[in-house]
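Raw target16.cif, mmCIF, C-alpha atoms:
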data_data
#
loop_
_atom_site.group_PDB
_atom_site.id
_atom_site.type_symbol
_atom_site.label_atom_id
_atom_site.label_comp_id
_atom_site.auth_asym_id
_atom_site.auth_seq_id
_atom_site.Cartn_x
_atom_site.Cartn_y
_atom_site.Cartn_z
ATOM 1 C CA MET P 18 7.135 3.599 -124.463
ATOM 2 C CA ALA P 19 10.800 3.000 -123.800
ATOM 3 C CA SER P 20 10.818 5.208 -120.777
ATOM 4 C CA PHE P 21 7.831 3.382 -119.319
ATOM 5 C CA THR P 22 9.484 -0.017 -119.533
ATOM 6 C CA ALA P 23 12.731 1.275 -118.193
ATOM 7 C CA SER P 24 11.145 2.725 -115.116
ATOM 8 C CA SER P 25 9.346 -0.512 -114.369
ATOM 9 C CA ILE P 26 12.675 -2.281 -114.292
ATOM 10 C CA SER P 27 13.877 0.142 -111.693
ATOM 11 C CA PHE P 28 11.337 -1.106 -109.185
ATOM 12 C CA THR P 29 13.076 -4.380 -108.374
ATOM 13 C CA PRO P 30 16.557 -3.088 -107.601
ATOM 14 C CA LEU P 31 15.228 -0.230 -105.518
ATOM 15 C CA SER P 32 12.950 -2.318 -103.360
ATOM 16 C CA SER P 33 15.394 -5.157 -102.856
ATOM 17 C CA SER P 34 18.164 -2.903 -101.690
ATOM 18 C CA LEU P 35 15.929 -0.520 -99.849
ATOM 19 C CA ASN P 36 17.844 -0.709 -96.606
ATOM 20 C CA LEU P 37 21.197 -0.138 -98.219
ATOM 21 C CA ASN P 38 20.185 2.861 -100.201
ATOM 22 C CA LYS P 39 18.119 4.604 -97.605
ATOM 23 C CA GLY P 40 20.958 6.728 -96.488
ATOM 24 C CA LEU P 41 22.272 7.285 -99.976
ATOM 25 C CA ALA P 42 18.986 7.968 -101.671
ATOM 26 C CA LYS P 43 19.151 11.629 -100.963
ATOM 27 C CA SER P 44 22.482 12.294 -102.582
ATOM 28 C CA SER P 45 23.164 9.627 -105.185
ATOM 29 C CA VAL P 46 21.057 8.776 -108.129
ATOM 30 C CA SER P 47 23.175 5.918 -109.449
ATOM 31 C CA LEU P 48 21.021 2.872 -109.792
ATOM 32 C CA SER P 49 23.615 0.351 -110.924
ATOM 33 C CA ILE P 50 22.634 -2.299 -108.424
ATOM 34 C CA ASN P 51 22.248 -6.041 -108.960
ATOM 35 C CA GLY P 52 24.152 -5.706 -112.168
ATOM 36 C CA ILE P 53 21.377 -3.751 -113.849
ATOM 37 C CA SER P 54 22.986 -0.488 -114.786
ATOM 38 C CA PHE P 55 20.114 1.875 -115.138
ATOM 39 C CA PRO P 56 20.826 5.022 -117.139
ATOM 40 C CA SER P 57 19.491 7.783 -115.010
ATOM 41 C CA HIS P 58 19.782 10.491 -117.597
ATOM 42 C CA GLY P 59 16.830 11.538 -119.700
ATOM 43 C CA LEU P 60 14.276 10.337 -117.160
ATOM 44 C CA LYS P 61 12.727 13.065 -115.093
ATOM 45 C CA SER P 62 11.418 10.617 -112.511
ATOM 46 C CA VAL P 63 14.839 9.916 -110.997
ATOM 47 C CA SER P 64 14.743 12.795 -108.561
ATOM 48 C CA ARG P 65 16.500 13.087 -105.241
ATOM 49 C CA ARG P 66 13.461 11.821 -103.367
ATOM 50 C CA PHE P 67 12.512 8.187 -103.351
ATOM 51 C CA SER P 68 9.496 8.778 -105.564
ATOM 52 C CA VAL P 69 9.372 6.017 -108.146
ATOM 53 C CA SER P 70 6.695 7.606 -110.258
ATOM 54 C CA CYS P 71 6.867 7.390 -114.038
ATOM 55 C CA ALA P 72 7.988 10.587 -115.656
ATOM 56 C CA ALA P 73 5.278 12.845 -116.976
ATOM 57 C CA LYS P 74 5.660 14.297 -120.436
ATOM 58 C CA PRO P 75 7.021 17.857 -120.548
ATOM 59 C CA GLU P 76 3.960 19.072 -122.474
ATOM 60 C CA THR P 77 1.705 17.846 -119.700
ATOM 61 C CA VAL P 78 3.832 19.577 -117.080
ATOM 62 C CA ASP P 79 3.745 22.752 -119.164
ATOM 63 C CA LYS P 80 -0.012 22.668 -119.476
ATOM 64 C CA VAL P 81 -0.340 22.135 -115.735
ATOM 65 C CA CYS P 82 2.024 25.041 -115.069
ATOM 66 C CA GLU P 83 -0.041 27.227 -117.361
ATOM 67 C CA ILE P 84 -3.278 26.423 -115.550
ATOM 68 C CA VAL P 85 -1.666 26.957 -112.163
ATOM 69 C CA ARG P 86 -0.248 30.256 -113.312
ATOM 70 C CA LYS P 87 -3.631 31.460 -114.499
ATOM 71 C CA GLN P 88 -5.477 30.317 -111.387
ATOM 72 C CA LEU P 89 -3.063 31.817 -108.904
ATOM 73 C CA ALA P 90 -2.396 34.936 -111.020
ATOM 74 C CA ILE P 91 1.347 34.398 -110.730
ATOM 75 C CA GLN P 92 3.643 37.135 -111.957
ATOM 76 C CA PRO P 93 5.327 36.263 -115.274
ATOM 77 C CA ASP P 94 8.790 36.484 -113.767
ATOM 78 C CA VAL P 95 8.117 33.864 -111.087
ATOM 79 C CA ALA P 96 9.241 30.421 -112.209
ATOM 80 C CA VAL P 97 6.710 27.603 -112.096
ATOM 81 C CA SER P 98 8.309 24.214 -112.633
ATOM 82 C CA GLY P 99 7.616 20.577 -111.901
ATOM 83 C CA ASP P 100 8.887 20.836 -108.372
ATOM 84 C CA SER P 101 6.916 23.901 -107.387
ATOM 85 C CA LYS P 102 4.661 23.186 -104.467
ATOM 86 C CA PHE P 103 1.223 24.738 -104.621
ATOM 87 C CA ALA P 104 1.511 26.008 -101.084
ATOM 88 C CA ALA P 105 4.798 27.705 -101.936
ATOM 89 C CA LEU P 106 3.154 29.482 -104.861
ATOM 90 C CA GLY P 107 0.543 30.953 -102.556
ATOM 91 C CA ALA P 108 -2.322 28.522 -103.090
ATOM 92 C CA ASP P 109 -4.606 27.520 -100.256
ATOM 93 C CA SER P 110 -6.738 24.380 -100.240
ATOM 94 C CA LEU P 111 -9.591 26.068 -102.110
ATOM 95 C CA ASP P 112 -7.153 27.098 -104.845
ATOM 96 C CA THR P 113 -5.876 23.540 -105.058
ATOM 97 C CA VAL P 114 -9.406 22.212 -105.552
ATOM 98 C CA GLU P 115 -10.024 24.790 -108.267
ATOM 99 C CA ILE P 116 -6.771 23.899 -109.981
ATOM 100 C CA VAL P 117 -7.669 20.205 -109.945
ATOM 101 C CA MET P 118 -11.070 21.058 -111.428
ATOM 102 C CA GLY P 119 -9.394 23.097 -114.149
ATOM 103 C CA LEU P 120 -7.055 20.186 -114.901
ATOM 104 C CA GLU P 121 -10.004 17.796 -115.063
ATOM 105 C CA GLU P 122 -11.678 19.999 -117.648
ATOM 106 C CA GLU P 123 -8.512 20.583 -119.651
ATOM 107 C CA PHE P 124 -7.574 16.914 -119.945
ATOM 108 C CA GLY P 125 -11.061 15.422 -119.865
ATOM 109 C CA ILE P 126 -10.306 13.182 -116.886
ATOM 110 C CA SER P 127 -11.960 12.597 -113.537
ATOM 111 C CA VAL P 128 -9.830 12.755 -110.404
ATOM 112 C CA GLU P 129 -10.977 10.935 -107.288
ATOM 113 C CA GLU P 130 -11.235 12.456 -103.835
ATOM 114 C CA GLU P 131 -8.273 10.683 -102.269
ATOM 115 C CA SER P 132 -5.973 11.230 -105.215
ATOM 116 C CA ALA P 133 -6.878 14.890 -105.313
ATOM 117 C CA GLN P 134 -5.963 15.373 -101.676
ATOM 118 C CA THR P 135 -2.469 13.979 -102.133
ATOM 119 C CA ILE P 136 -1.470 16.423 -104.852
ATOM 120 C CA ALA P 137 1.127 18.792 -103.477
ATOM 121 C CA THR P 138 3.361 19.757 -106.397
ATOM 122 C CA VAL P 139 3.006 20.400 -110.104
ATOM 123 C CA GLN P 140 4.806 17.147 -110.821
ATOM 124 C CA ASP P 141 2.298 15.157 -108.730
ATOM 125 C CA ALA P 142 -0.536 16.620 -110.725
ATOM 126 C CA ALA P 143 1.170 15.933 -114.055
ATOM 127 C CA ASP P 144 1.907 12.312 -113.109
ATOM 128 C CA LEU P 145 -1.645 11.733 -111.941
ATOM 129 C CA ILE P 146 -2.960 13.210 -115.183
ATOM 130 C CA GLU P 147 -0.692 10.950 -117.239
ATOM 131 C CA ASN P 148 -1.919 7.879 -115.370
ATOM 132 C CA LEU P 149 -5.551 8.809 -115.833
ATOM 133 C CA VAL P 150 -5.152 9.677 -119.502
ATOM 134 C CA GLU P 151 -3.423 6.365 -120.094
ATOM 135 C CA LYS P 152 -6.098 4.437 -118.254
ATOM 136 C CA LYS P 153 -8.740 6.241 -120.202
ATOM 137 C CA GLY P 154 -6.979 5.583 -123.488
ATOM 138 C CA SER P 155 -6.568 1.894 -122.842
ATOM 139 C CA ALA P 156 -10.091 1.407 -121.466
ATOM 140 C CA MET Z 25 -28.594 16.216 -87.141
ATOM 141 C CA ALA Z 26 -25.625 17.914 -88.807
ATOM 142 C CA ALA Z 27 -22.105 17.209 -87.598
ATOM 143 C CA ALA Z 28 -20.898 19.450 -84.805
ATOM 144 C CA SER Z 29 -18.318 21.098 -86.980
ATOM 145 C CA PRO Z 30 -17.387 20.056 -90.489
ATOM 146 C CA SER Z 31 -13.765 19.064 -90.940
ATOM 147 C CA ARG Z 32 -11.505 20.452 -93.631
ATOM 148 C CA PRO Z 33 -11.783 17.384 -95.904
ATOM 149 C CA GLU Z 34 -15.567 17.562 -95.648
ATOM 150 C CA ILE Z 35 -15.596 21.188 -96.624
ATOM 151 C CA LEU Z 36 -13.254 20.582 -99.544
ATOM 152 C CA SER Z 37 -15.376 17.637 -100.591
ATOM 153 C CA LEU Z 38 -18.477 19.816 -100.589
ATOM 154 C CA PHE Z 39 -16.618 22.424 -102.641
ATOM 155 C CA ARG Z 40 -15.594 19.794 -105.141
ATOM 156 C CA SER Z 41 -19.106 18.342 -105.400
ATOM 157 C CA LEU Z 42 -20.611 21.764 -105.959
ATOM 158 C CA LEU Z 43 -18.115 22.544 -108.718
ATOM 159 C CA ARG Z 44 -18.706 19.169 -110.345
ATOM 160 C CA THR Z 45 -22.445 19.660 -110.267
ATOM 161 C CA SER Z 46 -22.075 23.168 -111.686
ATOM 162 C CA ARG Z 47 -20.251 21.690 -114.660
ATOM 163 C CA GLN Z 48 -23.266 19.582 -115.565
ATOM 164 C CA PHE Z 49 -25.561 22.478 -116.345
ATOM 165 C CA SER Z 50 -26.327 22.729 -120.018
ATOM 166 C CA ASP Z 51 -27.018 26.456 -119.866
ATOM 167 C CA TYR Z 52 -23.818 28.485 -120.129
ATOM 168 C CA ASN Z 53 -25.016 31.314 -117.911
ATOM 169 C CA ILE Z 54 -26.177 29.115 -115.063
ATOM 170 C CA ARG Z 55 -23.036 27.022 -115.283
ATOM 171 C CA GLU Z 56 -20.768 30.037 -114.995
ATOM 172 C CA TYR Z 57 -22.902 31.568 -112.273
ATOM 173 C CA SER Z 58 -22.855 28.425 -110.099
ATOM 174 C CA LYS Z 59 -19.097 28.134 -110.435
ATOM 175 C CA ARG Z 60 -18.577 31.795 -109.563
ATOM 176 C CA ARG Z 61 -21.031 31.706 -106.682
ATOM 177 C CA THR Z 62 -19.550 28.636 -105.015
ATOM 178 C CA ILE Z 63 -16.017 30.009 -105.323
ATOM 179 C CA ASP Z 64 -17.060 33.395 -103.925
ATOM 180 C CA ALA Z 65 -19.079 31.898 -101.085
ATOM 181 C CA PHE Z 66 -16.304 29.560 -99.979
ATOM 182 C CA ARG Z 67 -13.729 32.322 -100.095
ATOM 183 C CA LEU Z 68 -16.012 34.629 -98.140
ATOM 184 C CA ASN Z 69 -16.347 32.093 -95.340
ATOM 185 C CA LYS Z 70 -12.720 31.040 -95.471
ATOM 186 C CA HIS Z 71 -11.870 32.588 -92.112
ATOM 187 C CA ALA Z 72 -15.140 31.853 -90.363
ATOM 188 C CA THR Z 73 -14.779 30.456 -86.864
ATOM 189 C CA ASP Z 74 -17.863 28.243 -87.031
ATOM 190 C CA PRO Z 75 -18.535 26.964 -90.521
ATOM 191 C CA SER Z 76 -21.481 24.699 -89.619
ATOM 192 C CA ALA Z 77 -24.207 27.105 -90.741
ATOM 193 C CA ALA Z 78 -22.447 27.862 -94.018
ATOM 194 C CA PHE Z 79 -21.719 24.172 -94.494
ATOM 195 C CA ALA Z 80 -25.375 23.206 -93.986
ATOM 196 C CA ASP Z 81 -26.401 25.933 -96.402
ATOM 197 C CA GLY Z 82 -23.880 24.650 -98.914
ATOM 198 C CA LYS Z 83 -25.243 21.132 -98.626
ATOM 199 C CA SER Z 84 -28.812 22.213 -99.274
ATOM 200 C CA GLN Z 85 -27.620 24.258 -102.247
ATOM 201 C CA LEU Z 86 -25.871 21.179 -103.560
ATOM 202 C CA GLU Z 87 -29.168 19.285 -103.468
ATOM 203 C CA VAL Z 88 -30.911 22.113 -105.298
ATOM 204 C CA ALA Z 89 -28.167 22.273 -107.905
ATOM 205 C CA LYS Z 90 -28.282 18.538 -108.553
ATOM 206 C CA ARG Z 91 -32.034 18.592 -109.045
ATOM 207 C CA GLN Z 92 -31.903 21.632 -111.292
ATOM 208 C CA ALA Z 93 -29.089 20.275 -113.405
ATOM 209 C CA LEU Z 94 -31.257 17.268 -114.128
ATOM 210 C CA VAL Z 95 -34.355 19.318 -114.908
ATOM 211 C CA TYR Z 96 -32.446 21.745 -117.126
ATOM 212 C CA SER Z 97 -30.909 18.927 -119.073
ATOM 213 C CA LEU Z 98 -34.376 17.757 -120.012
ATOM 214 C CA TYR Z 99 -35.142 21.083 -121.682
ATOM 215 C CA ALA Z 100 -31.713 22.002 -122.993
ATOM 216 C CA PRO Z 101 -31.862 24.404 -125.929
ATOM 217 C CA LYS Z 102 -30.402 23.146 -129.165
ATOM 218 C CA VAL Z 103 -28.581 26.394 -129.877
ATOM 219 C CA LYS Z 104 -25.479 26.991 -127.816
ATOM 220 C CA SER Z 105 -24.793 30.325 -126.235
ATOM 221 C CA ILE Z 106 -22.432 32.503 -128.270
ATOM 222 C CA MET Z 107 -19.960 32.552 -125.388
ATOM 223 C CA GLU Z 108 -19.390 28.846 -125.841
ATOM 224 C CA LEU Z 109 -18.539 28.962 -129.510
ATOM 225 C CA ASN Z 110 -15.062 30.342 -130.196
ATOM 226 C CA HIS Z 111 -12.616 28.986 -127.748
#

Since I need it in another form, could you write the structure as structure tokens?
Amino acid sequence: MASFTASSISFTPLSSSLNLNKGLAKSSVSLSINGISFPSHGLKSVSRRFSVSCAAKPETVDKVCEIVRKQLAIQPDVAVSGDSKFAALGADSLDTVEIVMGLEEEFGISVEEESAQTIATVQDAADLIENLVEKKGSA
Amino acid sequence: MAAASPSRPEILSLFRSLLRTSRQFSDYNIREYSKRRTIDAFRLNKHATDPSAAFADGKSQLEVAKRQALVYSLYAPKVKSIMELNH
């Protein structure tokens, strides 16, 4: 819960000082702007890119990694983490569709067409799953 | 009447619809078979130069699958297949 609220606070400072931080976004992750000092530790979402997605739970990421590993028959010594891109792991578009289907079955959610086409990394998938599970839980 | 050549999103969308429809079968064997068959067929035609014939075939199969899933659900057996029991 705490992490969710904290990340929603981050939206305002980032968008208001968008122009200033554009150049810095790649290297710095300090978000102490407008007086709101935002602790960037402990939140996986504060990555180098400008993606302001809420962090997905590690268990979700692990489950996703497991499914990806099984689908693509990845060797046990190859690391699969949140940042792994499906294409880099040797998946083509058919594999990606199969992986999304597997994730749908595992988590009992239903992913739409457009959302499914934007998934490129393990982290994307985990975040999407978290959103859908939350929406389903609160529905 | 069919499009000149199906685009990648269309093909992926057909793949997804076929897999979704396969999931709805109540019979374990038919469910697994449909999943396997669609995956194999799409992989077989992965490098085809002109996918329109395969795409049209896939679409008609999708119609068949949808109808059959409905019909099978009307006569679903009460006893589950043994393969579905222990996870």

Contact set, chain P to chain Z: 9 Å, only C-alpha atoms, as a list of chain:residue names =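 Close enough to count are P:Ser110, P:Leu111, P:Val114, P:Glu115, P:Met118, P:Glu130, P:Gln134.
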
query = By how many Å are atom CA of Tyr96 of chain Z and atom CA of Glu56 of chain Z apart?
reply =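 Separating atom CA of Tyr96 of chain Z from atom CA of Glu56 of chain Z is a distance of 14.5 Å.
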
inquiry  = I'd like the contact shell of segment 92-94 of chain P - 12 Å cut-off, only C-alpha atoms, skipping same-chain residues fewer than 2 positions apart - returned as number ranges by chain.
reply    = P: 82-83, 85-90, 96-97, 106-107

ask   = If we count all atoms listed in the file, what is near segment 76-85 of chain Z at a cut-off of 9 Å, once residues fewer than 4 positions away on the same chain are taken out, given as JSON, numbers by chain?
value = {"Z": [26, 27, 28, 29, 30, 35, 38, 39, 42, 62, 65, 66, 69, 89, 90]}

remark   = From atom CA of Leu149 of chain P to atom CA of Ser101 of chain P the spacing works out at 21.3 Å

Pairwise distance for atom CA of Gln48 of chain Z and atom CA of Leu86 of chain Z, rounded to one decimal in Å =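 Distance reported for this atom pair: 12.4 Å.
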
ask   = Got a sec: who's within 10 Å of Ser97 of chain Z, counting only C-alpha atoms, leaving out chain neighbours fewer than 6 positions off, as a PyMOL selection string?
value = chain Z and resi 48-51

Please dump the current selection as a JSON list (two decimals), in the coordinates of the input; keep C-alpha atoms.
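After the write, again15.json holds the following:
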[["chain", "number", "residue", "atom", "x", "y", "z"],
["Z", 48, "GLN", "CA", -23.27, 19.58, -115.56],
["Z", 49, "PHE", "CA", -25.56, 22.48, -116.34],
["Z", 50, "SER", "CA", -26.33, 22.73, -120.02],
["Z", 51, "ASP", "CA", -27.02, 26.46, -119.87]]

Give the centre and edge lengths of an axis-aligned box, in Å to one decimal, that holds all listed atoms of segment 110-113 of chain P with 4 Å on each side, as AutoDock Vina command-line options.
--center_x -7.7 --center_y 25.3 --center_z -102.6 --size_x 11.7 --size_y 11.6 --size_z 12.8
